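A short worksheet on the structure shown next.
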Amino acid sequence: MNGPSTVLIVVGLFLIGGIISFAKQQMPKGLIALLSVGAAMCLAAGVLRLDVWS
């Protein structure tokens with residue numbers, strides 16, 4: 001596991017925490033959807049950058 005992949009995974013998990021918090025606070029659905037897309041992109045990029053694939 002290298003540095004950039006770790007950072008991307010941590011940021012993605014942080015955004016998932018924000019999604020849960022915003023959903024509990026009844027925030028607008030568009031904002032939750034935007035956070036969901038960002039979290040999915042961060043997690044996907046972090047997993048794809050892992051060195052276990054090569």
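FYI, nothing fancy with the structure tokens labels: chains A, B, ... in order, residues from 1 per chain, ligands from 1 as they appear.
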For this session: Could you tell me, as number ranges by chain, which residues of chain A DSSP assigns to helix (DSSP H, G or I) when given the backbone?
Result: A: 3-24, 29-48, 51-53
For this session: Considering only C-alpha atoms, return as a list in words whatever protein or nucleic-acid residues lie within 8 Å of region 4-6 of chain A, sequence-local ones (same chain, fewer than 3 positions apart) excluded.
Result: Met1, Ile9, Val10, Ala45, Gly46, Val47, Arg49 and Leu50 of chain A
Please produce an output containing N, CA, C and O atoms for each residue in the selection, written as an mmCIF file, in the first residue's frame.
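For reference, out_18.cif as written:
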data_model
loop_
_atom_site.group_PDB
_atom_site.id
_atom_site.type_symbol
_atom_site.label_atom_id
_atom_site.label_comp_id
_atom_site.auth_asym_id
_atom_site.auth_seq_id
_atom_site.Cartn_x
_atom_site.Cartn_y
_atom_site.Cartn_z
ATOM 1 N N MET A 1 0.859 -1.177 0.000
ATOM 2 C CA MET A 1 0.000 0.000 0.000
ATOM 3 C C MET A 1 0.904 1.238 0.000
ATOM 4 O O MET A 1 1.775 1.360 0.840
ATOM 5 N N ILE A 9 -8.226 6.508 -0.153
ATOM 6 C CA ILE A 9 -9.165 5.655 0.576
ATOM 7 C C ILE A 9 -9.647 6.351 1.837
ATOM 8 O O ILE A 9 -10.844 6.319 2.159
ATOM 9 N N VAL A 10 -8.747 7.017 2.559
ATOM 10 C CA VAL A 10 -9.134 7.724 3.781
ATOM 11 C C VAL A 10 -10.091 8.869 3.458
ATOM 12 O O VAL A 10 -11.087 9.077 4.163
ATOM 13 N N ALA A 45 -10.529 5.144 -7.037
ATOM 14 C CA ALA A 45 -9.167 5.523 -7.413
ATOM 15 C C ALA A 45 -8.153 4.961 -6.432
ATOM 16 O O ALA A 45 -7.073 4.506 -6.829
ATOM 17 N N GLY A 46 -8.485 4.976 -5.143
ATOM 18 C CA GLY A 46 -7.568 4.434 -4.146
ATOM 19 C C GLY A 46 -7.358 2.946 -4.313
ATOM 20 O O GLY A 46 -6.235 2.448 -4.217
ATOM 21 N N VAL A 47 -8.432 2.220 -4.581
ATOM 22 C CA VAL A 47 -8.311 0.771 -4.754
ATOM 23 C C VAL A 47 -7.548 0.451 -6.036
ATOM 24 O O VAL A 47 -6.710 -0.455 -6.061
ATOM 25 N N ARG A 49 -5.250 2.204 -7.410
ATOM 26 C CA ARG A 49 -3.845 2.585 -7.297
ATOM 27 C C ARG A 49 -3.047 1.651 -6.395
ATOM 28 O O ARG A 49 -1.839 1.795 -6.270
ATOM 29 N N LEU A 50 -3.706 0.683 -5.747
ATOM 30 C CA LEU A 50 -2.991 -0.248 -4.881
ATOM 31 C C LEU A 50 -1.978 -1.051 -5.701
ATOM 32 O O LEU A 50 -2.199 -1.348 -6.880
#
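Ranking A:Val7, A:Leu48, A:Leu31, A:Cys42 by their shortest atom-to-atom distance to Ile19 (chain A), with only C-alpha atoms included, puts A:Leu31 first.
From CA of Met41 (chain A) back to CA of Met27 (chain A), the distance works out to 21.3 Å.
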